[in-house]
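Asker: Take a look at the following structure, please.
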Amino acid sequence: MAEVYEAEVYSFGGQPVKCSLTYRQAVERIRDGGAAAILLDMLEPDGLDAWWAGDAFPDVVRHRNFPTAAVSGIAIGGVQRLEGANLVLGLIDYFSYAARVNERLRESEFVKLCRRELGAESVRIGAWGELPLASRREFVKNHDGPYSVPPHCDAVHFGRDKANWPFKAGFSEGDFQISSVLTVGEAENDAGIVFWDLKPGTRPELDALMAEVSGPGGGARLRDARSVTVRARAGQMTVLDTRLLHAVEQCASPRRTIGAFLIWHDGCWRMFH
Ligand SMILES: O=C(O)CCC(=O)C(=O)O
């Protein structure tokens with residue numbers, strides 16, 4: 001029988017609603033729309049060191065696009081922004097990385113949890129190609145801007161080089177994308193994730209929106225949109241709609257999470273990073 005967790009459902013324009021949900025129900029609730037994020041009280045904070053430490057995850061290195069975030073290994077977002085020959089090289093690197101680390105990642109408590117409670121498989125291309133399963137992340141103070149990770153959206157089909165990006169619209173059936181993020185250590189100012197009620201449908205729309213919000217009128221554009229902020233404690237899982245514009249608030253001290261994206265493809269949930 002699936003475990004049921006205390007949950008808080010966050011939507012635009014309302015207070016968080018408390019309820020009880022399984023992990024799978026929380027993921028399905030976000031998939032079905034109507035909520036930006038759900039917090040699940042999943043784990044006791046005391047045991048989390050074992051989830052973070054150990055050798056399942058490779059070392060944490062600086063994120064290619066967001067210098068105030070560090071991740072273990074290569075994230076898909078940086079690869080999606082490449083074009084032409086650089087994309088070919090980036091994809092070789094990304095898939096080679098996954099081939100090297102996924103067996104180890106399958107031994108991490110986080111991946112075991114997603115497999116056990118969601119039945120999550122990997123995202124595959126061809127007979128051998130597999131995307132990396134998950135990553136651990138550390139967010140620090142951004143001295144050049146108001147957010148530790150600036151506003152962005154994540155969608156597997158948002159390759160900038162549309163002709164050569166291997167994932168087309170519809171690969172994620174329904175074109176939704178979910179992120180599942182376990183908070184391992186909070187920042188001392190409880191920095192969380194802000195969501196805005198803005199959902200670009202294509203890569204060019206996302207690029208235009210990101211240029212707008214990081215430009216001179218950007219603050220006003222974000223203030224005018226409905227927003228909701230979700231602050232997770234250590235041990236809580238945040239299940240969120242990554243198609244919404246979202247950002248990690250300024251972290252006064254390092255904030256640590258372990259997470260993966262989730263999409264539905266070919267009959268099951270599939271996880272990747
Ligand atoms: O808190 C985190 O790990 C980052 C959340 C995020 O931006 C995402 O998963 O898309």
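A note on labels: chains of the structure tokens are A, B, ... as shown, every chain counts residues from 1, and ligands are counted from 1 in their shown order.
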Would you mind listing the residues within 10 Å of ligand 1, counting only C-alpha atoms and all ligand atoms, as a PyMOL selection string?
Answerer: chain A and resi 69-71+77+135-139+148-155+177-184+191-195+231-232+237-249+255-262+273
Asker: Which residues are near Asp41 of chain A? Cut-off 7 Å, only C-alpha atoms, ignore same chain within fewer than 3 positions. Put them as a short mmCIF file (atom, residue, chain, number, x, y, z; two decimals) with C-alpha atoms, in the first residue's frame.
Answerer:
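Output file selection-v1.cif is given in full below:
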```cif
data_model
loop_
_atom_site.label_atom_id
_atom_site.label_comp_id
_atom_site.auth_asym_id
_atom_site.auth_seq_id
_atom_site.Cartn_x
_atom_site.Cartn_y
_atom_site.Cartn_z
CA TYR A 5 1.98 12.07 3.39
CA GLU A 6 0.77 15.32 4.94
CA ALA A 7 0.62 17.76 2.04
CA GLY A 235 12.77 16.51 4.55
CA GLN A 236 9.95 17.99 2.45
CA MET A 237 9.51 17.08 -1.20
#
```
Asker: Identify, on the basis of only C-alpha atoms, every residue whose closest approach to Val9 of chain A does not exceed 7 Å; exclude the query and any residue fewer than 6 positions from it along the same chain; express the result as a list in words.
Answerer: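 Counting only the stated atoms, we get Pro16, Val17, Lys18, Ala35, Ala37, Ile38 and Leu39 of chain A.
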Asker: Which is closest to Gly78 of chain A among A:Arg160, A:Phe57, A:Glu28, A:Ala99, if we use only C-alpha atoms?
Answerer: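 When distances to Gly78 of chain A are compared using only C-alpha atoms, the smallest one comes from A:Arg160.
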Asker: Can you check which residues of segment 33-87 of chain A DSSP gives as helix (DSSP H, G or I) on the backbone and send them as a PyMOL selection string?
Answerer: chain A and resi 45-52+76-80+84-87
Asker: Which is closer to Gln25 of chain A than all the others in A:Leu43, A:Trp264, A:Gly54, A:Glu3, using only C-alpha atoms?
Answerer: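 Closest to Gln25 of chain A, using only C-alpha atoms: A:Glu3.
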Asker: Within 9 Å of Leu206 of chain A, counting only C-alpha atoms, which residues show up once you throw out same-chain ones fewer than 3 positions away? Write them as a PDB file with N, CA and C atoms, in the first residue's frame, please.
Answerer:
```
ATOM      1  N   HIS A 152      13.041  31.133 -14.783  1.00  0.00           N
ATOM      2  CA  HIS A 152      13.243  30.251 -15.939  1.00  0.00           C
ATOM      3  C   HIS A 152      12.092  29.248 -15.980  1.00  0.00           C
ATOM      4  N   CYS A 153      12.003  28.485 -17.074  1.00  0.00           N
ATOM      5  CA  CYS A 153      11.045  27.373 -17.191  1.00  0.00           C
ATOM      6  C   CYS A 153      11.826  26.170 -17.701  1.00  0.00           C
ATOM      7  N   PHE A 158      12.184  22.069 -25.284  1.00  0.00           N
ATOM      8  CA  PHE A 158      12.571  23.454 -25.542  1.00  0.00           C
ATOM      9  C   PHE A 158      14.014  23.596 -26.040  1.00  0.00           C
ATOM     10  N   LYS A 199       3.320  31.119 -18.475  1.00  0.00           N
ATOM     11  CA  LYS A 199       3.652  29.784 -18.989  1.00  0.00           C
ATOM     12  C   LYS A 199       3.966  29.865 -20.477  1.00  0.00           C
ATOM     13  N   PRO A 200       5.208  30.192 -20.856  1.00  0.00           N
ATOM     14  CA  PRO A 200       5.538  30.254 -22.284  1.00  0.00           C
ATOM     15  C   PRO A 200       5.385  28.879 -22.935  1.00  0.00           C
ATOM     16  N   GLY A 201       4.833  28.873 -24.150  1.00  0.00           N
ATOM     17  CA  GLY A 201       4.510  27.598 -24.800  1.00  0.00           C
ATOM     18  C   GLY A 201       5.613  27.060 -25.674  1.00  0.00           C
ATOM     19  N   THR A 202       6.589  27.931 -26.021  1.00  0.00           N
ATOM     20  CA  THR A 202       7.652  27.498 -26.931  1.00  0.00           C
ATOM     21  C   THR A 202       8.977  28.096 -26.459  1.00  0.00           C
ATOM     22  N   ARG A 203      10.076  27.584 -27.014  1.00  0.00           N
ATOM     23  CA  ARG A 203      11.399  28.124 -26.667  1.00  0.00           C
ATOM     24  C   ARG A 203      11.512  29.622 -27.028  1.00  0.00           C
ATOM     25  N   LEU A 209      10.446  36.034 -22.994  1.00  0.00           N
ATOM     26  CA  LEU A 209      10.017  36.343 -21.621  1.00  0.00           C
ATOM     27  C   LEU A 209      11.237  36.518 -20.704  1.00  0.00           C
ATOM     28  N   MET A 210      12.247  35.658 -20.857  1.00  0.00           N
ATOM     29  CA  MET A 210      13.431  35.778 -20.003  1.00  0.00           C
ATOM     30  C   MET A 210      14.185  37.073 -20.297  1.00  0.00           C
ATOM     31  N   ALA A 211      14.227  37.461 -21.585  1.00  0.00           N
ATOM     32  CA  ALA A 211      14.891  38.730 -21.922  1.00  0.00           C
ATOM     33  C   ALA A 211      14.111  39.881 -21.293  1.00  0.00           C
ATOM     34  N   LEU A 245       6.924  29.887 -15.081  1.00  0.00           N
ATOM     35  CA  LEU A 245       8.135  30.648 -14.786  1.00  0.00           C
ATOM     36  C   LEU A 245       8.396  30.544 -13.285  1.00  0.00           C
TER      37      LEU A 245
END
```
Asker: For the atom pair atom CA of Gly119 of chain A and atom CA of Ala26 of chain A, what is the interatomic distance in Å to one decimal place?
Answerer: 14.1 Å
Asker: In terms of the shortest atom-to-atom distance over only C-alpha atoms, which of A:Asn189, A:Ser72, A:Thr229, A:Asn86 is closest to Leu105 of chain A?
Answerer: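 Smallest separation from Leu105 of chain A among the options: A:Ser72.
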Asker: At a cut-off of 9 Å, using only C-alpha atoms, what residues contact Arg24 of chain A? Leave out same-chain residues fewer than 6 positions from it and give the result as a ChimeraX atom specification.
Answerer: /A:2,117-118
Asker: Choose the residue, out of A:Cys268, A:Leu133, A:Val123, A:Leu91, that has the smallest atom-to-atom separation from Val111 of chain A; count only C-alpha atoms.
Answerer: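 Nearest to Val111 of chain A: A:Leu133.
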Asker: Which one is closest to Phe171 of chain A: A:Ala98, A:Ile263, A:Ile92, A:Leu40? Count only C-alpha atoms.
Answerer: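 So, comparing all the options, the nearest one is A:Ile263.
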